[in-house]
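Dumped final.cif below, it's mmCIF, C-alpha atoms, pLDDT in the B column; chains and numbers go by the auth columns:
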data_upload
#
loop_
_atom_site.group_PDB
_atom_site.id
_atom_site.type_symbol
_atom_site.label_atom_id
_atom_site.label_comp_id
_atom_site.label_asym_id
_atom_site.label_seq_id
_atom_site.Cartn_x
_atom_site.Cartn_y
_atom_site.Cartn_z
_atom_site.B_iso_or_equiv
_atom_site.auth_seq_id
_atom_site.auth_asym_id
ATOM 1 C CA MET A 1 132.150 94.467 231.815 52.00 29 A
ATOM 2 C CA GLY A 2 133.807 96.874 229.410 62.00 30 A
ATOM 3 C CA SER A 3 131.131 99.575 229.677 77.00 31 A
ATOM 4 C CA PHE A 4 129.625 101.177 232.745 78.00 32 A
ATOM 5 C CA SER A 5 126.003 100.564 233.716 88.00 33 A
ATOM 6 C CA ILE A 6 123.501 103.318 234.475 90.00 34 A
ATOM 7 C CA TRP A 7 124.204 102.924 238.206 90.00 35 A
ATOM 8 C CA HIS A 8 127.887 103.673 237.729 92.00 36 A
ATOM 9 C CA TRP A 9 127.070 106.866 235.826 89.00 37 A
ATOM 10 C CA LEU A 10 124.546 107.958 238.461 91.00 38 A
ATOM 11 C CA ILE A 11 127.110 107.488 241.236 92.00 39 A
ATOM 12 C CA VAL A 12 129.684 109.492 239.254 91.00 40 A
ATOM 13 C CA LEU A 13 127.100 112.245 238.667 88.00 41 A
ATOM 14 C CA VAL A 14 126.257 112.437 242.389 90.00 42 A
ATOM 15 C CA ILE A 15 129.948 112.656 243.322 91.00 43 A
ATOM 16 C CA VAL A 16 130.578 115.412 240.754 88.00 44 A
ATOM 17 C CA MET A 17 127.554 117.367 242.023 87.00 45 A
ATOM 18 C CA LEU A 18 128.794 117.056 245.604 89.00 46 A
ATOM 19 C CA ILE A 19 132.276 118.267 244.674 89.00 47 A
ATOM 20 C CA PHE A 20 131.398 121.149 242.363 85.00 48 A
ATOM 21 C CA GLY A 21 127.834 122.007 243.304 87.00 49 A
ATOM 22 C CA THR A 22 124.915 122.505 240.950 82.00 50 A
ATOM 23 C CA LYS A 23 125.495 126.239 240.472 86.00 51 A
ATOM 24 C CA LYS A 24 129.015 125.784 239.092 86.00 52 A
ATOM 25 C CA LEU A 25 127.879 122.956 236.823 83.00 53 A
ATOM 26 C CA ARG A 26 125.030 125.122 235.492 86.00 54 A
ATOM 27 C CA ASN A 27 127.467 127.975 234.805 89.00 55 A
ATOM 28 C CA VAL A 28 129.856 125.634 233.004 87.00 56 A
ATOM 29 C CA GLY A 29 126.975 124.345 230.880 87.00 57 A
ATOM 30 C CA GLN A 30 125.865 127.865 229.971 91.00 58 A
ATOM 31 C CA ASP A 31 129.420 128.908 229.096 92.00 59 A
ATOM 32 C CA LEU A 32 129.920 125.837 226.932 91.00 60 A
ATOM 33 C CA GLY A 33 126.593 126.403 225.151 92.00 61 A
ATOM 34 C CA GLY A 34 127.469 130.052 224.506 93.00 62 A
ATOM 35 C CA ALA A 35 130.856 129.068 223.100 93.00 63 A
ATOM 36 C CA VAL A 36 129.300 126.523 220.732 93.00 64 A
ATOM 37 C CA LYS A 37 126.703 129.070 219.586 93.00 65 A
ATOM 38 C CA GLY A 38 129.403 131.694 218.998 92.00 66 A
ATOM 39 C CA PHE A 39 131.459 129.200 217.024 92.00 67 A
ATOM 40 C CA LYS A 40 128.482 128.308 214.814 91.00 68 A
ATOM 41 C CA ASP A 41 127.681 131.988 214.209 90.00 69 A
ATOM 42 C CA GLY A 42 131.310 132.647 213.320 87.00 70 A
ATOM 43 C CA MET A 43 131.313 129.788 210.847 86.00 71 A
ATOM 44 C CA LYS A 44 128.152 131.154 209.182 85.00 72 A
ATOM 45 C CA GLU A 45 129.681 134.650 208.911 77.00 73 A
ATOM 46 C CA GLY A 46 132.933 133.231 207.579 72.00 74 A
ATOM 47 C CA THR A 47 131.216 131.489 204.672 71.00 75 A
ATOM 48 C CA ALA A 48 129.161 134.600 203.845 66.00 76 A
ATOM 49 C CA ASP A 49 132.276 136.817 203.658 61.00 77 A
ATOM 50 C CA LYS A 50 133.979 134.779 200.917 61.00 78 A
ATOM 51 C CA PRO A 51 134.807 136.801 197.789 59.00 79 A
ATOM 52 C CA ALA A 52 133.017 135.663 194.626 58.00 80 A
ATOM 53 C CA ASP A 53 136.127 135.496 192.433 59.00 81 A
ATOM 54 C CA PRO A 54 139.738 135.302 193.585 59.00 82 A
ATOM 55 C CA PRO A 55 141.893 138.214 192.405 59.00 83 A
ATOM 56 C CA ALA A 56 143.745 137.547 189.169 61.00 84 A
ATOM 57 C CA GLN A 57 147.500 137.183 189.486 64.00 85 A
ATOM 58 C CA GLN A 58 149.715 139.004 187.055 64.00 86 A
ATOM 59 C CA VAL A 59 152.391 136.839 185.530 68.00 87 A
ATOM 60 C CA GLY A 60 155.476 138.030 183.680 70.00 88 A
ATOM 61 C CA HIS A 61 155.868 141.473 185.224 69.00 89 A
ATOM 62 C CA THR A 62 159.300 142.385 186.496 73.00 90 A
ATOM 63 C CA ILE A 63 160.123 145.112 188.966 74.00 91 A
ATOM 64 C CA GLU A 64 163.250 146.948 187.900 79.00 92 A
ATOM 65 C CA GLY A 65 165.633 148.696 190.250 79.00 93 A
ATOM 66 C CA GLU A 66 169.241 149.140 191.255 82.00 94 A
ATOM 67 C CA ALA A 67 171.149 147.661 194.156 78.00 95 A
ATOM 68 C CA LYS A 68 173.827 149.790 195.753 82.00 96 A
ATOM 69 C CA LYS A 69 176.516 148.597 198.097 82.00 97 A
ATOM 70 C CA GLU A 70 177.361 150.805 201.053 82.00 98 A
ATOM 71 C CA LYS A 71 180.955 151.579 201.863 80.00 99 A
ATOM 72 C CA VAL A 72 181.998 150.695 205.372 70.00 100 A
#
Take the structure in the file and give it back as structure tokens.
Amino acid sequence: MGSFSIWHWLIVLVIVMLIFGTKKLRNVGQDLGGAVKGFKDGMKEGTADKPADPPAQQVGHTIEGEAKKEKV
């Protein structure tokens, strides 16, 4: 009773196809597939672009300068 049977899902599918039409559903499927493919390609490129070693940080260097107060 907690889950739907195959007949419930078929009825829902028929109603969705009547409301949206098969052409819109096909376009949505193609757009979603293209987005997933683009995401996967981006993840592959992101891991390939990692630098081998992180830049070394310099510790103990001080920048010297003077602060001047403006007269108002």
For this session: Could you tell me how far atom CA of A:Trp37 lies from atom CA of A:Gln58, in Å and to one decimal?
Result: 21.8 Å
Exercise. Hey, can you check how far atom CA of A:Met45 sits from atom CA of A:Asp59?
Worked result: 17.4 Å
As JSON, what would the box around stretch 59-66 of chain A look like: edges along x, y and z, 4 Å added on every side, centre and edge lengths in Å to one decimal?
{"center_x": 128.7, "center_y": 128.8, "center_z": 224.0, "size_x": 12.3, "size_y": 13.9, "size_z": 18.1}
Exercise. Suppose you want the space between atom CA of A:Phe48 and atom CA of A:Ala63; what is it in Å?
Worked result: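 Computed distance, atom CA of A:Phe48 to atom CA of A:Ala63, equals 20.8 Å.
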